[in-house]
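Source file: query.txt (compact mmCIF, C-alpha atoms)
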```
# COMPACT_ATOMS: atom_id res chain seq x y z
CA MET A 14 0.62 9.53 183.56
CA ASN A 15 -2.07 12.07 182.66
CA ASP A 16 -0.41 13.61 179.65
CA LYS A 17 -0.91 10.90 177.02
CA THR A 18 -2.37 12.12 173.74
CA ILE A 19 -4.72 10.00 171.65
CA LEU A 20 -5.27 10.65 167.95
CA LEU A 21 -9.04 10.44 167.39
CA VAL A 22 -10.03 9.87 163.76
CA GLY A 23 -13.41 9.74 162.06
CA THR A 24 -15.88 11.36 159.70
CA TYR A 25 -16.94 14.32 161.80
CA ASP A 26 -19.69 15.29 159.37
CA THR A 27 -21.70 12.13 160.10
CA LYS A 28 -20.25 10.85 163.41
CA ASP A 29 -19.77 14.16 165.22
CA ASP A 30 -21.73 13.22 168.36
CA GLU A 31 -19.98 9.87 168.77
CA LEU A 32 -16.50 11.28 168.20
CA ASN A 33 -17.10 14.14 170.60
CA TYR A 34 -18.33 11.63 173.18
CA LEU A 35 -15.10 9.64 172.77
CA ALA A 36 -13.02 12.81 173.15
CA GLU A 37 -14.90 13.85 176.28
CA THR A 38 -14.47 10.38 177.79
CA ILE A 39 -10.72 10.40 177.19
CA ARG A 40 -10.36 13.89 178.61
CA ALA A 41 -12.47 12.98 181.66
CA GLN A 42 -9.85 10.34 182.44
CA GLY A 43 -7.05 12.87 182.26
CA GLY A 44 -5.91 12.17 178.72
CA LYS A 45 -5.44 14.55 175.80
CA VAL A 46 -7.01 14.29 172.36
CA LEU A 47 -5.84 15.31 168.90
CA THR A 48 -8.77 15.21 166.49
CA MET A 49 -8.54 14.36 162.77
CA ASP A 50 -11.48 14.78 160.40
CA VAL A 51 -11.59 12.43 157.41
CA SER A 52 -14.98 13.60 156.11
CA VAL A 53 -15.40 14.52 152.45
CA LEU A 54 -18.75 16.23 151.89
CA GLY A 55 -19.79 17.76 155.21
CA ASP A 56 -18.20 19.68 158.08
CA PRO A 57 -17.92 19.07 161.84
CA SER A 58 -19.91 21.08 164.37
CA LYS A 59 -16.65 22.68 165.49
CA PRO A 60 -13.15 22.72 163.92
CA THR A 61 -10.94 19.69 164.45
CA ASP A 62 -7.21 19.87 165.16
CA ILE A 63 -6.51 18.42 161.72
CA SER A 64 -9.03 19.35 159.05
CA LYS A 65 -10.23 17.24 156.17
CA HIS A 66 -8.41 19.62 153.83
CA GLU A 67 -5.09 18.96 155.58
CA VAL A 68 -5.72 15.22 155.39
CA ALA A 69 -6.41 15.24 151.65
CA GLU A 70 -3.44 17.51 150.95
CA ALA A 71 -1.08 15.26 152.96
CA GLY A 72 -1.81 12.52 150.45
CA GLY A 73 -1.21 14.76 147.45
CA HIS A 74 -4.84 15.53 146.69
CA SER A 75 -7.58 17.97 147.64
CA ILE A 76 -11.07 17.62 149.03
CA GLN A 77 -12.39 18.92 145.74
CA GLU A 78 -10.62 16.09 143.90
CA ALA A 79 -12.25 13.61 146.26
CA ILE A 80 -15.66 15.16 145.63
CA ASN A 81 -15.13 15.35 141.88
CA SER A 82 -14.26 11.67 141.72
CA GLY A 83 -17.95 10.97 142.19
CA ASP A 84 -17.05 7.69 143.87
CA GLU A 85 -17.12 7.17 147.64
CA ASN A 86 -14.50 4.42 147.51
CA THR A 87 -12.03 6.60 145.61
CA ALA A 88 -12.75 9.54 147.91
CA MET A 89 -12.17 7.53 151.08
CA GLN A 90 -8.93 6.07 149.74
CA ILE A 91 -7.70 9.64 149.21
CA MET A 92 -8.47 10.36 152.86
CA ALA A 93 -6.96 7.05 154.00
CA LYS A 94 -3.68 7.86 152.27
CA GLY A 95 -3.44 11.34 153.76
CA GLY A 96 -4.57 10.18 157.20
CA SER A 97 -1.98 7.40 157.25
CA ILE A 98 0.84 9.77 156.33
CA LEU A 99 -0.19 12.27 158.99
CA ALA A 100 -0.65 9.61 161.70
CA ALA A 101 2.81 8.18 161.07
CA ARG A 102 4.32 11.66 161.11
CA LEU A 103 2.59 12.61 164.34
CA GLN A 104 3.78 9.44 166.05
CA MET A 105 7.33 9.86 164.83
CA ASP A 106 7.36 13.44 166.10
CA GLY A 107 6.17 12.30 169.54
CA LYS A 108 2.86 14.17 169.31
CA ILE A 109 0.59 11.16 169.84
CA ASP A 110 0.79 8.11 172.11
CA GLY A 111 -2.02 6.05 170.58
CA ALA A 112 -4.80 6.14 168.02
CA LEU A 113 -8.54 5.49 168.07
CA VAL A 114 -10.50 5.33 164.82
CA LEU A 115 -14.28 5.07 164.49
CA GLY A 116 -16.26 3.86 161.50
CA GLY A 117 -18.69 1.64 159.67
CA THR A 118 -17.42 -0.31 156.65
CA MET A 119 -16.10 2.85 155.02
CA GLY A 120 -14.43 4.13 158.15
CA THR A 121 -13.04 0.69 158.99
CA ASP A 122 -11.40 0.44 155.57
CA LEU A 123 -9.66 3.74 156.29
CA ALA A 124 -8.93 2.79 159.92
CA LEU A 125 -7.00 -0.31 158.86
CA ASP A 126 -4.67 1.82 156.73
CA ILE A 127 -4.12 4.42 159.45
CA CYS A 128 -3.40 1.80 162.11
CA SER A 129 -1.07 -0.07 159.74
CA ALA A 130 0.97 3.13 159.39
CA LEU A 131 1.77 3.08 163.11
CA PRO A 132 4.62 0.90 164.42
CA VAL A 133 4.08 -2.28 166.41
CA GLY A 134 3.81 -1.32 170.07
CA VAL A 135 1.88 1.91 169.55
CA PRO A 136 -1.66 1.40 170.96
CA LYS A 137 -4.15 1.34 168.10
CA TYR A 138 -7.88 0.78 168.50
CA ILE A 139 -10.72 0.55 166.00
CA VAL A 140 -14.38 0.91 166.96
CA SER A 141 -16.26 -0.64 164.06
CA THR A 142 -19.66 -1.99 163.06
CA VAL A 143 -17.78 -4.86 161.37
CA SER A 144 -15.20 -5.78 164.03
CA PHE A 145 -13.99 -9.39 163.70
CA SER A 146 -15.98 -9.74 160.48
CA PRO A 147 -14.93 -11.97 157.55
CA LEU A 148 -15.19 -8.77 155.51
CA ILE A 149 -11.71 -7.95 156.83
CA PRO A 150 -8.99 -10.03 155.13
CA PRO A 151 -6.16 -11.11 157.47
CA GLU A 152 -3.54 -9.25 155.45
CA ARG A 153 -5.29 -5.93 156.12
CA LEU A 154 -5.10 -6.29 159.89
CA PRO A 155 -2.25 -4.44 161.62
CA ALA A 156 -0.28 -6.93 163.70
CA ASP A 157 -1.23 -5.55 167.13
CA VAL A 158 -4.53 -3.78 166.47
CA GLN A 159 -7.41 -3.98 168.96
CA MET A 160 -11.02 -3.87 167.81
CA ILE A 161 -14.38 -3.57 169.52
CA LEU A 162 -17.80 -3.90 167.95
CA TRP A 163 -19.65 -0.60 167.69
CA ALA A 164 -22.87 -2.21 168.84
CA GLY A 165 -26.07 -0.30 168.23
CA GLY A 166 -24.22 2.78 167.09
CA LEU A 167 -24.85 3.07 163.37
CA TYR A 168 -26.77 6.30 163.85
CA GLY A 169 -26.68 8.42 166.97
CA LEU A 170 -25.75 7.95 170.61
CA ASN A 171 -27.56 5.60 172.98
CA SER A 172 -26.80 3.59 176.11
CA VAL A 173 -25.82 0.51 174.10
CA CYS A 174 -23.23 2.16 171.89
CA LYS A 175 -21.90 4.30 174.76
CA SER A 176 -20.81 1.06 176.41
CA SER A 177 -18.64 0.20 173.40
CA LEU A 178 -17.34 3.74 172.94
CA SER A 179 -16.42 4.26 176.58
CA GLN A 180 -14.61 0.91 176.71
CA ALA A 181 -12.57 1.88 173.66
CA ALA A 182 -11.72 5.30 175.10
CA GLY A 183 -10.56 3.78 178.36
CA ALA A 184 -8.69 0.96 176.64
CA VAL A 185 -6.61 3.13 174.32
CA LEU A 186 -5.73 5.64 177.03
CA GLY A 187 -4.93 2.88 179.50
CA ALA A 188 -2.75 1.15 176.93
CA ALA A 189 -0.91 4.38 176.14
CA ARG A 190 -0.16 4.80 179.83
CA ALA A 191 0.78 1.20 180.51
CA VAL A 192 2.69 0.20 177.37
CA GLU A 193 6.34 -0.68 177.89
CA ARG A 194 8.20 0.64 174.88
CA SER A 195 10.37 -1.89 173.06
CA ASP A 196 13.54 0.14 173.36
CA SER A 197 15.96 -2.42 174.82
CA ASP A 198 19.61 -1.49 174.55
CA LYS A 199 20.35 -5.04 173.36
CA PRO A 200 20.29 -5.88 169.63
CA LEU A 201 17.10 -7.78 168.78
CA ILE A 202 16.96 -11.10 166.92
CA GLY A 203 13.65 -12.00 165.27
CA MET A 204 12.84 -15.70 165.06
CA THR A 205 9.81 -17.58 163.70
CA SER A 206 8.61 -20.90 165.08
CA PHE A 207 5.73 -22.99 166.35
CA GLY A 208 5.28 -24.67 169.72
CA LYS A 209 8.21 -26.73 170.95
CA THR A 210 6.25 -29.96 170.44
CA VAL A 211 6.80 -29.62 166.69
CA LEU A 212 9.86 -27.31 166.46
CA LYS A 213 12.50 -27.33 169.19
CA TYR A 214 15.40 -25.17 167.98
CA MET A 215 14.30 -22.09 169.93
CA VAL A 216 14.88 -23.96 173.20
CA ILE A 217 18.60 -24.09 172.36
CA LEU A 218 18.98 -20.90 170.35
CA LYS A 219 17.22 -18.36 172.57
CA PRO A 220 19.44 -18.82 175.67
CA ALA A 221 22.55 -19.18 173.51
CA LEU A 222 21.86 -15.87 171.75
CA GLU A 223 21.01 -14.17 175.04
CA GLN A 224 24.35 -15.31 176.45
CA ARG A 225 25.94 -13.55 173.50
CA GLY A 226 24.27 -10.27 174.55
CA PHE A 227 21.25 -10.30 172.23
CA GLU A 228 17.53 -10.15 172.88
CA VAL A 229 15.37 -12.74 171.11
CA ALA A 230 11.71 -12.38 170.07
CA VAL A 231 10.03 -15.58 168.84
CA PHE A 232 6.99 -15.10 166.58
CA HIS A 233 4.26 -17.72 166.27
CA ALA A 234 3.96 -18.19 162.51
CA THR A 235 0.18 -18.48 162.36
CA GLY A 236 -0.68 -15.47 160.21
CA MET A 237 -0.74 -12.50 162.57
CA GLY A 238 2.59 -13.53 164.10
CA GLY A 239 4.17 -13.42 160.67
CA ARG A 240 2.62 -10.02 160.03
CA ALA A 241 4.18 -8.66 163.22
CA PHE A 242 7.52 -10.21 162.25
CA GLU A 243 7.42 -8.64 158.78
CA SER A 244 6.30 -5.28 160.15
CA LEU A 245 9.23 -5.05 162.55
CA ALA A 246 11.65 -6.31 159.88
CA SER A 247 10.47 -3.59 157.48
CA GLU A 248 11.22 -0.99 160.17
CA GLY A 249 14.78 -2.32 160.50
CA ARG A 250 14.16 -3.32 164.12
CA PHE A 251 16.07 -6.61 163.91
CA ALA A 252 19.84 -6.98 164.03
CA ALA A 253 19.30 -10.32 162.28
CA VAL A 254 16.49 -12.79 161.69
CA MET A 255 16.21 -16.55 161.99
CA ASP A 256 13.16 -17.18 159.84
CA PHE A 257 13.03 -20.91 160.38
CA ALA A 258 9.23 -21.44 160.08
CA PRO A 259 8.14 -20.37 156.58
CA GLN A 260 4.78 -22.17 156.65
CA GLU A 261 2.87 -18.90 156.18
CA VAL A 262 4.46 -18.68 152.73
CA GLY A 263 2.91 -22.04 151.86
CA ASN A 264 -0.40 -21.12 153.45
CA HIS A 265 -0.67 -18.08 151.22
CA LEU A 266 0.52 -20.00 148.16
CA MET A 267 -2.12 -22.70 148.66
CA GLY A 268 -5.02 -20.36 149.32
CA SER A 269 -5.36 -20.64 153.08
CA SER A 270 -6.81 -17.69 154.97
CA ILE A 271 -4.17 -18.24 157.68
CA SER A 272 -1.84 -15.93 155.82
CA ALA A 273 0.68 -13.26 156.68
CA GLY A 274 0.17 -11.80 153.21
CA ALA A 275 1.92 -11.99 149.87
CA ASP A 276 4.97 -10.14 151.22
CA ARG A 277 5.86 -12.74 153.84
CA MET A 278 9.62 -13.51 153.89
CA THR A 279 10.58 -10.32 152.07
CA ALA A 280 10.94 -7.46 154.57
CA ALA A 281 14.22 -8.56 156.15
CA GLY A 282 15.80 -9.15 152.76
CA LEU A 283 14.66 -5.83 151.31
CA SER A 284 15.90 -3.94 154.37
CA GLY A 285 19.33 -5.59 154.12
CA THR A 286 18.94 -7.36 157.46
CA PRO A 287 21.09 -10.50 157.76
CA GLN A 288 18.74 -13.45 157.56
CA MET A 289 18.89 -17.17 158.08
CA VAL A 290 16.02 -19.19 156.66
CA SER A 291 15.04 -22.82 157.07
CA ILE A 292 12.17 -25.23 156.47
CA GLY A 293 10.18 -25.56 159.71
CA CYS A 294 6.76 -27.07 158.83
CA TYR A 295 7.33 -26.23 155.14
CA ASP A 296 5.40 -29.39 154.23
CA LEU A 297 2.15 -28.47 155.98
CA VAL A 298 -0.58 -26.03 155.04
CA ASP A 299 -2.68 -24.76 157.95
CA PHE A 300 -6.28 -23.76 157.37
CA VAL A 301 -9.19 -22.78 159.58
CA GLY A 302 -10.42 -26.08 160.97
CA TRP A 303 -14.10 -25.16 161.03
CA GLN A 304 -14.09 -23.97 157.42
CA ASP A 305 -14.08 -26.04 154.23
CA THR A 306 -10.74 -27.36 153.00
CA PRO A 307 -9.20 -25.00 150.39
CA ALA A 308 -9.93 -26.26 146.87
CA LYS A 309 -6.26 -26.91 146.08
CA LEU A 310 -5.96 -29.29 149.04
CA ILE A 311 -9.11 -31.41 148.85
CA GLY A 312 -8.35 -35.13 149.11
CA GLN A 313 -4.95 -34.73 150.79
CA GLU A 314 -4.05 -36.15 154.20
CA THR A 315 -5.05 -33.90 157.09
CA HIS A 316 -4.13 -33.57 160.76
CA ALA A 317 -6.56 -31.74 163.09
CA HIS A 318 -4.39 -29.78 165.50
CA ASN A 319 -7.40 -28.52 167.45
CA ARG A 320 -10.93 -27.24 166.70
CA LEU A 321 -9.48 -24.03 165.24
CA LEU A 322 -6.63 -25.36 163.13
CA THR A 323 -6.17 -28.23 160.70
CA SER A 324 -2.99 -29.05 158.78
CA VAL A 325 -2.83 -30.60 155.32
CA MET A 326 0.22 -32.45 154.01
CA MET A 327 1.58 -31.05 150.75
CA THR A 328 2.07 -33.29 147.76
CA ALA A 329 5.49 -33.59 146.14
CA ASP A 330 4.51 -31.14 143.40
CA GLN A 331 3.21 -28.63 145.94
CA ARG A 332 6.48 -28.91 147.86
CA ARG A 333 8.38 -28.17 144.67
CA GLU A 334 6.20 -25.09 144.20
CA MET A 335 6.91 -24.07 147.81
CA ALA A 336 10.66 -24.47 147.25
CA ARG A 337 10.57 -22.24 144.17
CA GLU A 338 8.55 -19.62 146.04
CA ILE A 339 11.06 -19.50 148.91
CA CYS A 340 13.97 -19.18 146.48
CA SER A 341 12.19 -16.42 144.55
CA LYS A 342 11.62 -14.40 147.70
CA LEU A 343 15.21 -14.84 148.89
CA SER A 344 16.57 -13.78 145.49
CA LYS A 345 15.53 -10.20 146.28
CA ALA A 346 17.51 -10.02 149.54
CA LYS A 347 20.02 -7.18 149.84
CA GLY A 348 21.85 -8.45 152.93
CA PRO A 349 23.67 -11.63 153.95
CA THR A 350 21.30 -14.57 153.46
CA THR A 351 21.80 -18.22 154.39
CA LEU A 352 19.40 -21.09 153.80
CA LEU A 353 19.90 -23.95 156.25
CA LEU A 354 18.54 -27.13 154.66
CA PRO A 355 18.18 -30.08 157.08
CA ILE A 356 17.59 -32.93 154.66
CA GLN A 357 16.15 -35.34 157.26
CA GLY A 358 12.97 -33.36 157.92
CA GLY A 359 11.36 -30.07 158.83
CA ASN A 360 9.19 -30.83 161.87
CA GLU A 361 8.88 -33.44 164.63
CA TRP A 362 6.13 -35.33 162.79
CA ASP A 363 8.33 -35.44 159.69
CA ARG A 364 11.02 -37.71 161.13
CA PRO A 365 11.60 -41.07 159.43
CA GLY A 366 8.75 -43.29 160.56
CA GLY A 367 6.85 -40.32 161.98
CA PRO A 368 3.08 -39.89 161.49
CA LEU A 369 3.52 -37.30 158.72
CA SER A 370 6.72 -38.61 157.19
CA ASP A 371 6.92 -38.46 153.38
CA PRO A 372 10.47 -39.24 152.21
CA GLU A 373 9.59 -38.77 148.53
CA GLY A 374 7.98 -35.40 149.16
CA LEU A 375 10.96 -34.25 151.24
CA ALA A 376 13.38 -35.41 148.54
CA ALA A 377 11.41 -33.50 145.89
CA PHE A 378 11.54 -30.32 147.98
CA VAL A 379 15.28 -30.65 148.66
CA GLU A 380 16.01 -31.22 144.97
CA GLU A 381 14.00 -28.16 143.97
CA ILE A 382 15.83 -26.00 146.53
CA ARG A 383 19.16 -27.19 145.13
CA ASN A 384 18.08 -26.42 141.58
CA HIS A 385 16.66 -22.96 142.27
CA CYS A 386 18.67 -21.53 145.16
CA PRO A 387 19.68 -18.04 143.96
CA ALA A 388 23.29 -16.95 143.70
CA ASN A 389 22.94 -14.38 146.50
CA VAL A 390 22.00 -17.10 149.00
CA THR A 391 24.46 -19.36 150.83
CA LEU A 392 22.96 -22.85 150.89
CA ILE A 393 24.11 -25.06 153.78
CA GLU A 394 22.85 -28.64 153.60
CA LEU A 395 22.75 -30.52 156.88
CA ASP A 396 22.48 -34.29 157.16
CA ALA A 397 20.21 -33.73 160.13
CA HIS A 398 16.64 -33.05 161.19
CA ILE A 399 15.59 -29.49 162.03
CA ASN A 400 15.08 -30.52 165.67
CA ASP A 401 18.55 -32.05 166.01
CA THR A 402 21.26 -30.24 167.94
CA ALA A 403 23.31 -30.20 164.73
CA PHE A 404 20.83 -27.77 163.20
CA SER A 405 21.02 -25.32 166.10
CA ASP A 406 24.81 -25.62 166.15
CA ALA A 407 24.94 -24.71 162.45
CA ALA A 408 22.69 -21.71 163.03
CA LEU A 409 24.88 -20.44 165.86
CA GLU A 410 28.05 -20.99 163.82
CA THR A 411 26.61 -18.93 160.96
CA PHE A 412 25.49 -16.25 163.40
CA ASP A 413 28.92 -16.06 165.05
CA ASN A 414 30.57 -15.78 161.63
CA TRP A 415 28.27 -12.86 160.78
CA VAL A 416 29.17 -11.10 164.02
CA GLU A 417 32.88 -11.66 163.36
CA ALA A 418 32.49 -10.36 159.80
CA GLY A 419 30.76 -7.22 161.09
CA PHE A 420 27.38 -7.97 159.52
CA ILE A 421 25.83 -7.86 163.01
CA ASP A 422 26.83 -5.48 165.78
CA SER A 423 28.00 -7.46 168.77
CA GLY A 424 25.52 -7.60 171.64
CA SER A 425 28.26 -7.71 174.26
```

Could I get this structure in the form of structure tokens?
Amino acid sequence: MNDKTILLVGTYDTKDDELNYLAETIRAQGGKVLTMDVSVLGDPSKPTDISKHEVAEAGGHSIQEAINSGDENTAMQIMAKGGSILAARLQMDGKIDGALVLGGTMGTDLALDICSALPVGVPKYIVSTVSFSPLIPPERLPADVQMILWAGGLYGLNSVCKSSLSQAAGAVLGAARAVERSDSDKPLIGMTSFGKTVLKYMVILKPALEQRGFEVAVFHATGMGGRAFESLASEGRFAAVMDFAPQEVGNHLMGSSISAGADRMTAAGLSGTPQMVSIGCYDLVDFVGWQDTPAKLIGQETHAHNRLLTSVMMTADQRREMAREICSKLSKAKGPTTLLLPIQGGNEWDRPGGPLSDPEGLAAFVEEIRNHCPANVTLIELDAHINDTAFSDAALETFDNWVEAGFIDSGS
């Protein structure tokens, strides 16, 4: 319990007192610390375990190059690149159990890169003067990062900032001790969805796949859930994916800040992971309910899900654009790829006669999928709704065929 090592990262030339306080707090709780200096101009009061020179060199540069750039943004990106490479290497080699990074705007920019280099499940904490700020775009946030505001700590130690720093030190060490590693001996299936009020297939599919000897992780496709899904897919953690809720693709396409990034729906395909894709909530764009409607969507029918989230119905032309985007992403897939197309609707509100039903818009989307489905994708049209049993049965039949063909290692 007392042998967990935390990677502590910061600019030791300007934040030496604060970083040393964090290290002392972690050690006082029985933890170990590995220090990394990402300064450029100055030096720490005492040597760190990983010097700024080692950091710059890990990214293929030198401190002198960073200084000679004459630009603080360029210099910090040099350090961010080297720090990210080293952090990932240290974690892979089993030398660290978590990471804690300290910074203002400059340090936070670097911290986001370093934390993104660490796999999902590795405790990662950022102490920042801009925690939870709109300065940070959603696509920069690591899927499972924790942040705390560095209150009153811009320059020097005091009782206010010690409260934030000590919380962070205890949190990252506690997480490193308590985390249950995701190392199940069962093959893992990644699935995307929303709550079972709007999408119901997971209620059937999860127990059915577990009976076949697989573990199932269902990701809430509301931006950060999609980022976690893509992160794990890029690491090759999934035996197969059932990416049945592609709404984050449409969110990004239509300018919503509820985005999993431009790379959504690509990681599984690029890693060769067998993937099934469908159209759950394809017709809706979610945006932050307390913000202004994105410019592309003004004047369209809306549905307020709660005070945080509002959905906008796509027009027929927007659905055609969404269809082309899905097909473009799937065209790059290197593994078995099947698109299940339930032509009667893609969410519970989209049933004939439902409150968000738009038969013409659905028909336009289906036609565009038919016209642009790439040759590497098996298109299976279903005369059913996505929440019908027939959809889940088709997904399980495809899955069983993949297992039989050897595309997926059997979970039994």

Fill in: Who sits within 7 Å of Gln260 (chain A), all atoms listed in the file, same chain under 3 positions skipped, as a list in words
Gly263, Asn264, Cys294, Tyr295, Leu297 and Val298 of chain A

Worksheet item: For Ala377 (chain A), which of A:Val416, A:Leu170, A:Met335, A:Met160 is the closest residue, counting all atoms listed in the file?
Response: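 Of all the options, A:Met335 lies closest to Ala377 (chain A).
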
Worksheet item: Neighbours of Leu99 (chain A) within 9 Å (only C-alpha atoms; same-chain residues fewer than 6 positions away dropped), as number ranges by chain?
Response: A: 67-68, 71-72, 127

Residues from last step as file, C-alpha atoms, as a CSV table (one decimal), in the coordinates of the input:
```csv
chain,number,residue,atom,x,y,z
A,67,GLU,CA,-5.1,19.0,155.6
A,68,VAL,CA,-5.7,15.2,155.4
A,71,ALA,CA,-1.1,15.3,153.0
A,72,GLY,CA,-1.8,12.5,150.4
A,127,ILE,CA,-4.1,4.4,159.4
```

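Between Ser52 (chain A) and the residues A:Ala182, A:Leu35, A:Ala88, A:Leu369, the shortest atom-to-atom distance, using only C-alpha atoms, involves A:Ala88.
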
Worksheet entry | Between CA of Ala275 (chain A) and CA of Asp371 (chain A) - distance in Å to one decimal |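 Going from CA of Asp371 (chain A) over to CA of Ala275 (chain A), I get 27.2 Å.
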
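With all atoms listed in the file taken into account, every residue lying no more than 12 Å from the file point (11.2, -37.3, 147.4) is included here: Asp296, Met327, Thr328, Ala329, Asp330, Gln331, Arg332, Arg333, Ile356, Gln357, Gly358, Ser370, Asp371, Pro372, Glu373, Gly374, Leu375, Ala376, Ala377, Phe378, Val379, Glu380 and Glu381 of chain A.
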
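Counting all atoms listed in the file and comparing A:Thr18, A:Asn384, A:Thr351, A:Thr235, the residue that lies closest to Arg40 (chain A) is A:Thr18.
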
Worksheet item: Contacts of Leu20 (chain A) at 12 Å or less, counting only C-alpha atoms, minus same-chain residues fewer than 3 places along, as a PyMOL selection string?
Response: chain A and resi 17+23+32+35-36+39+44-50+61-63+96-97+99-104+107-115+124+127-128+131+135-139+182+185-186+189

Discussion item. Please compute the CA of Gly238 (chain A)-CA of Leu395 (chain A) distance, one decimal, in Å.
Written reply: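 Interatomic distance here is 27.3 Å.
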
Fill in: Counting only C-alpha atoms, the option among A:Ala418, A:Leu321, A:Asp30, A:Ala403 closest to Leu218 (chain A)
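With only C-alpha atoms as the atom set, the closest residue is A:Ala403.
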
Worksheet item: Got a sec: who's within 9 Å of Phe300 (chain A), counting only C-alpha atoms, leaving out chain neighbours fewer than 5 positions off, as a VMD selection string?
Response: chain A and resid 264 268 to 271 305 to 307 321 to 325

Fill in: Nearby residues (all atoms listed in the file) at most 12 Å from Gly116 (chain A), same-chain spacing under 2 positions excluded, as a PyMOL selection string
chain A and resi 21-25+27-29+31-32+50-52+89+113-114+118-125+138-144+160-164+166-168+178

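Here the question is which of A:Gly367, A:Pro259, A:Gly203, A:Pro220 gets nearest to Leu352 (chain A) using all atoms listed in the file, and that residue is A:Pro259.
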
Find the smallest box with edges along x, y and z containing every listed atom of region 402-408 of chain A, then add 6 Å on each side and report centre and edge lengths in Å to one decimal, as AutoDock Vina command-line options.
```
--center_x 22.9 --center_y -26.0 --center_z 165.2 --size_x 16.1 --size_y 20.5 --size_z 17.5
```

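A distance cut-off of 12 Å around (18.6, -34.4, 169.6), counting all atoms listed in the file, selects these protein and nucleic acid residues: Leu212, Lys213, Tyr214, Val216, Ile217, Glu361, Arg364, Ala397, His398, Ile399, Asn400, Asp401, Thr402, Ala403, Phe404, Ser405 and Asp406 of chain A.
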
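In this structure, CA of Met215 (chain A) sits 12.9 Å away from CA of Asn360 (chain A).
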
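Nearest-residue note for Leu283 (chain A): choosing from A:Pro151, A:Met267, A:Ser344, A:Ala234, the minimum distance belongs to A:Ser344, counting all atoms listed in the file.
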